[in-house]
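Quick notes on the structure that follows.
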Amino acid sequence: MPTTAASTKHLVLVHGLCHGAWCWYKVMSHLRSTGHRVSAVDLGGSGVHPSRLEEVATFSGYIQPLLQFLESLSADERVVLVGHSFGGLAISLAMERFPHIVSVAVFITAYMPNFRDPPAVQMTQYFKNLKMEMYMDCRFTFENGSPTSAELGGSYMATMMYQNCQPEDLELAKMLIRPSHFFLEDMSKDSLLTRDKYGSISRVYVVCEEDNAMDEEFQRFVIEDSPPNEVKSFPGADHMIMLSKSKEISHYLQELVARYL
């Protein structure tokens, strides 16, 4: 039976550092209630993925679940690929691997590398701007002065990431977050992204104006460093916009589906 045009439209949601597919539960509910096909992926060692932190040694291993998921899609599938925060790096490499199925990529208060420099350039700039007191009760491991992994603290999450969210969403997150690697060494390699593949796909950047973890100044730096096709700004959105402004971001994603797919 031939596939209808509507059935080829698919939103694929990718979480940020230490989180999992669970953080998209509100957005998935909104989108599915309006008839959209939507999936959320647990990256390696995240969410309910069975691997432990020490078993995910490379960024390739970390994003393997996303690559496998995209590879499993039918030949006529077209997706809106959405990456939140650290997930912007994951979707960037997925775009490079599968440029033929990604119609538009949405970076939500995320790293969004260019195809000239290694992705670690933006990461290094982010860490350079951080002061130690901003880490609060997070736990980090370091190697040669650079952070290698992180475990988010409850006070940090409440103050820097979830300050505009419902209390129950913060409590859910405290129960479900897992430690994660930064993979700075892997992200320091040249030629991870190319103009012909990654650079050929339309990109949209979502600015969260009240994000304390990845503040608006840094988000604007990312936009200037790697100009997208479109920028959308959300007043009142903290880092976890998919929880604090779930209806608003869901509505915007529906607009993008209508325009790009």
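Just so we're on the same page: first chain in the structure tokens is A, next is B, and so on; residues restart at 1 for each chain, and ligands are numbered from 1 in the order they show up.
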
Identify, on the basis of only C-alpha atoms, every residue whose closest approach to segment 216-226 of chain A does not exceed 8 Å; exclude the query and any residue fewer than 5 positions from it along the same chain; express the result as an MDAnalysis selection string. chainID A and resid 109:114 122 126 205 207:211

Per residue of segment 38-141 of chain A within 12 Å of segment 10-33 of chain A, which atom pair is closest and at what distance in Å (one decimal), using only C-alpha atoms, listed by chain and increasing number, as CSV?
residue,atom,partner,partner_atom,distance
A:Val38,CA,A:Leu11,CA,4.6
A:Ser39,CA,A:Val12,CA,4.9
A:Ala40,CA,A:Leu13,CA,4.6
A:Val41,CA,A:Ala21,CA,5.3
A:Asp42,CA,A:Ala21,CA,5.1
A:Leu43,CA,A:Gly20,CA,7.2
A:Gly44,CA,A:Gly20,CA,9.6
A:Gly45,CA,A:Cys18,CA,8.8
A:Ser46,CA,A:Gly20,CA,5.3
A:Gly47,CA,A:Gly20,CA,4.0
A:Val48,CA,A:Gly20,CA,7.5
A:His49,CA,A:Gly20,CA,8.7
A:Leu53,CA,A:Cys18,CA,10.3
A:Tyr62,CA,A:Leu17,CA,10.9
A:Ile63,CA,A:Val14,CA,9.8
A:Pro65,CA,A:Val14,CA,10.5
A:Leu66,CA,A:Val14,CA,8.1
A:Leu67,CA,A:Val14,CA,11.4
A:Phe69,CA,A:Val12,CA,9.4
A:Leu70,CA,A:Val12,CA,8.9
A:Leu73,CA,A:His10,CA,9.8
A:Ser74,CA,A:His10,CA,11.1
A:Asp76,CA,A:His10,CA,11.0
A:Glu77,CA,A:His10,CA,7.4
A:Arg78,CA,A:His10,CA,6.3
A:Val79,CA,A:His10,CA,4.7
A:Val80,CA,A:Leu11,CA,4.7
A:Leu81,CA,A:Val12,CA,5.0
A:Val82,CA,A:Leu13,CA,4.8
A:Gly83,CA,A:Val14,CA,4.8
A:His84,CA,A:Gly16,CA,5.2
A:Ser85,CA,A:Gly16,CA,5.0
A:Phe86,CA,A:Gly16,CA,4.6
A:Gly87,CA,A:Gly16,CA,4.6
A:Gly88,CA,A:Gly16,CA,7.8
A:Leu89,CA,A:Gly16,CA,9.3
A:Ala90,CA,A:Val14,CA,7.8
A:Ile91,CA,A:Val14,CA,7.4
A:Ser92,CA,A:Val14,CA,11.1
A:Ala94,CA,A:Val14,CA,10.8
A:Ile101,CA,A:His10,CA,10.1
A:Val102,CA,A:His10,CA,9.7
A:Ser103,CA,A:His10,CA,10.0
A:Val104,CA,A:Leu11,CA,9.9
A:Ala105,CA,A:Val12,CA,9.7
A:Val106,CA,A:Leu13,CA,9.4
A:Phe107,CA,A:Val14,CA,9.9
A:Ile108,CA,A:Gly16,CA,9.7
A:Thr109,CA,A:Gly16,CA,9.9
A:Ala110,CA,A:Gly16,CA,8.4
A:Tyr111,CA,A:Gly16,CA,10.0
A:Cys138,CA,A:Cys18,CA,11.4
A:Arg139,CA,A:Cys18,CA,11.8

Could you pull out the alpha helix (DSSP H) residues of segment 55-127 of chain A from DSSP and send them as a ChimeraX atom specification? /A:59-71,87-97,120-127

Please, could you write that set of residues out with N, CA and C atoms as an mmCIF file, in the first residue's frame?
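Contents of selection.cif, as written:
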data_model
loop_
_atom_site.group_PDB
_atom_site.id
_atom_site.type_symbol
_atom_site.label_atom_id
_atom_site.label_comp_id
_atom_site.auth_asym_id
_atom_site.auth_seq_id
_atom_site.Cartn_x
_atom_site.Cartn_y
_atom_site.Cartn_z
ATOM 1 N N PHE A 59 31.333 9.655 21.704
ATOM 2 C CA PHE A 59 30.122 10.350 21.281
ATOM 3 C C PHE A 59 29.358 9.518 20.257
ATOM 4 N N SER A 60 30.071 8.766 19.441
ATOM 5 C CA SER A 60 29.412 7.868 18.481
ATOM 6 C C SER A 60 28.532 6.861 19.202
ATOM 7 N N GLY A 61 29.048 6.327 20.304
ATOM 8 C CA GLY A 61 28.247 5.398 21.093
ATOM 9 C C GLY A 61 27.065 6.082 21.746
ATOM 10 N N TYR A 62 27.259 7.316 22.162
ATOM 11 C CA TYR A 62 26.200 8.093 22.807
ATOM 12 C C TYR A 62 25.029 8.333 21.861
ATOM 13 N N ILE A 63 25.317 8.667 20.603
ATOM 14 C CA ILE A 63 24.236 8.989 19.662
ATOM 15 C C ILE A 63 23.793 7.793 18.829
ATOM 16 N N GLN A 64 24.378 6.623 19.074
ATOM 17 C CA GLN A 64 24.025 5.449 18.280
ATOM 18 C C GLN A 64 22.533 5.137 18.299
ATOM 19 N N PRO A 65 21.833 5.269 19.443
ATOM 20 C CA PRO A 65 20.381 5.006 19.411
ATOM 21 C C PRO A 65 19.632 5.925 18.457
ATOM 22 N N LEU A 66 20.044 7.177 18.349
ATOM 23 C CA LEU A 66 19.399 8.107 17.423
ATOM 24 C C LEU A 66 19.685 7.714 15.984
ATOM 25 N N LEU A 67 20.939 7.372 15.693
ATOM 26 C CA LEU A 67 21.284 6.975 14.329
ATOM 27 C C LEU A 67 20.546 5.704 13.929
ATOM 28 N N GLN A 68 20.453 4.762 14.846
ATOM 29 C CA GLN A 68 19.733 3.519 14.552
ATOM 30 C C GLN A 68 18.254 3.787 14.306
ATOM 31 N N PHE A 69 17.691 4.699 15.084
ATOM 32 C CA PHE A 69 16.278 5.027 14.902
ATOM 33 C C PHE A 69 16.046 5.652 13.532
ATOM 34 N N LEU A 70 16.862 6.614 13.144
ATOM 35 C CA LEU A 70 16.695 7.264 11.842
ATOM 36 C C LEU A 70 16.930 6.288 10.695
ATOM 37 N N GLU A 71 17.856 5.384 10.896
ATOM 38 C CA GLU A 71 18.140 4.381 9.862
ATOM 39 C C GLU A 71 16.961 3.433 9.666
ATOM 40 N N GLY A 87 21.678 18.192 23.256
ATOM 41 C CA GLY A 87 21.128 17.412 22.155
ATOM 42 C C GLY A 87 21.330 18.056 20.802
ATOM 43 N N GLY A 88 21.671 19.358 20.781
ATOM 44 C CA GLY A 88 21.986 20.009 19.523
ATOM 45 C C GLY A 88 23.185 19.386 18.831
ATOM 46 N N LEU A 89 24.138 18.893 19.622
ATOM 47 C CA LEU A 89 25.299 18.215 19.046
ATOM 48 C C LEU A 89 24.897 16.870 18.457
ATOM 49 N N ALA A 90 24.007 16.171 19.153
ATOM 50 C CA ALA A 90 23.549 14.864 18.674
ATOM 51 C C ALA A 90 22.824 14.997 17.337
ATOM 52 N N ILE A 91 21.909 15.965 17.233
ATOM 53 C CA ILE A 91 21.163 16.079 15.976
ATOM 54 C C ILE A 91 22.054 16.602 14.852
ATOM 55 N N SER A 92 23.100 17.361 15.184
ATOM 56 C CA SER A 92 24.014 17.858 14.146
ATOM 57 C C SER A 92 24.705 16.708 13.423
ATOM 58 N N LEU A 93 25.213 15.745 14.192
ATOM 59 C CA LEU A 93 25.873 14.604 13.558
ATOM 60 C C LEU A 93 24.870 13.701 12.860
ATOM 61 N N ALA A 94 23.641 13.651 13.375
ATOM 62 C CA ALA A 94 22.592 12.884 12.687
ATOM 63 C C ALA A 94 22.234 13.542 11.358
ATOM 64 N N MET A 95 22.220 14.868 11.309
ATOM 65 C CA MET A 95 21.956 15.588 10.060
ATOM 66 C C MET A 95 23.042 15.282 9.030
ATOM 67 N N GLU A 96 24.283 15.230 9.486
ATOM 68 C CA GLU A 96 25.397 14.915 8.587
ATOM 69 C C GLU A 96 25.250 13.511 8.016
ATOM 70 N N ARG A 97 24.752 12.601 8.830
ATOM 71 C CA ARG A 97 24.616 11.199 8.410
ATOM 72 C C ARG A 97 23.371 10.974 7.539
ATOM 73 N N ALA A 120 33.435 21.386 19.443
ATOM 74 C CA ALA A 120 33.951 21.712 20.772
ATOM 75 C C ALA A 120 34.248 23.190 20.946
ATOM 76 N N VAL A 121 34.342 23.945 19.850
ATOM 77 C CA VAL A 121 34.614 25.379 19.964
ATOM 78 C C VAL A 121 33.498 26.062 20.751
ATOM 79 N N GLN A 122 32.251 25.775 20.434
ATOM 80 C CA GLN A 122 31.136 26.364 21.184
ATOM 81 C C GLN A 122 31.108 25.856 22.620
ATOM 82 N N MET A 123 31.412 24.583 22.821
ATOM 83 C CA MET A 123 31.418 24.022 24.168
ATOM 84 C C MET A 123 32.475 24.701 25.028
ATOM 85 N N THR A 124 33.657 24.904 24.461
ATOM 86 C CA THR A 124 34.748 25.544 25.196
ATOM 87 C C THR A 124 34.371 26.968 25.582
ATOM 88 N N GLN A 125 33.698 27.672 24.676
ATOM 89 C CA GLN A 125 33.254 29.029 24.967
ATOM 90 C C GLN A 125 32.239 29.031 26.107
ATOM 91 N N TYR A 126 31.371 28.044 26.123
ATOM 92 C CA TYR A 126 30.376 27.953 27.189
ATOM 93 C C TYR A 126 31.055 27.774 28.543
ATOM 94 N N PHE A 127 31.976 26.836 28.632
ATOM 95 C CA PHE A 127 32.643 26.578 29.910
ATOM 96 C C PHE A 127 33.515 27.761 30.341
#

Within segment 166-205 of chain A, find each residue whose DSSP state, derived from the backbone, is strand (DSSP E or B), and express the selection as JSON, numbers by chain. {"A": [180, 181, 202, 203, 204, 205]}

Save out the residues we just selected, C-alpha atoms, as a PDB file, in the first residue's frame.
ATOM      1  CA  SER A 180      26.590  12.016  31.382  1.00  0.00           C
ATOM      2  CA  HIS A 181      29.864  12.559  29.534  1.00  0.00           C
ATOM      3  CA  SER A 202      17.367  24.284   7.059  1.00  0.00           C
ATOM      4  CA  ARG A 203      17.966  25.126  10.717  1.00  0.00           C
ATOM      5  CA  VAL A 204      15.754  26.915  13.244  1.00  0.00           C
ATOM      6  CA  TYR A 205      16.982  28.212  16.603  1.00  0.00           C
TER       7      TYR A 205
END

Taken to one decimal, the atom CA of Asn164 of chain A-atom CA of Val206 of chain A distance is 16.9 Å
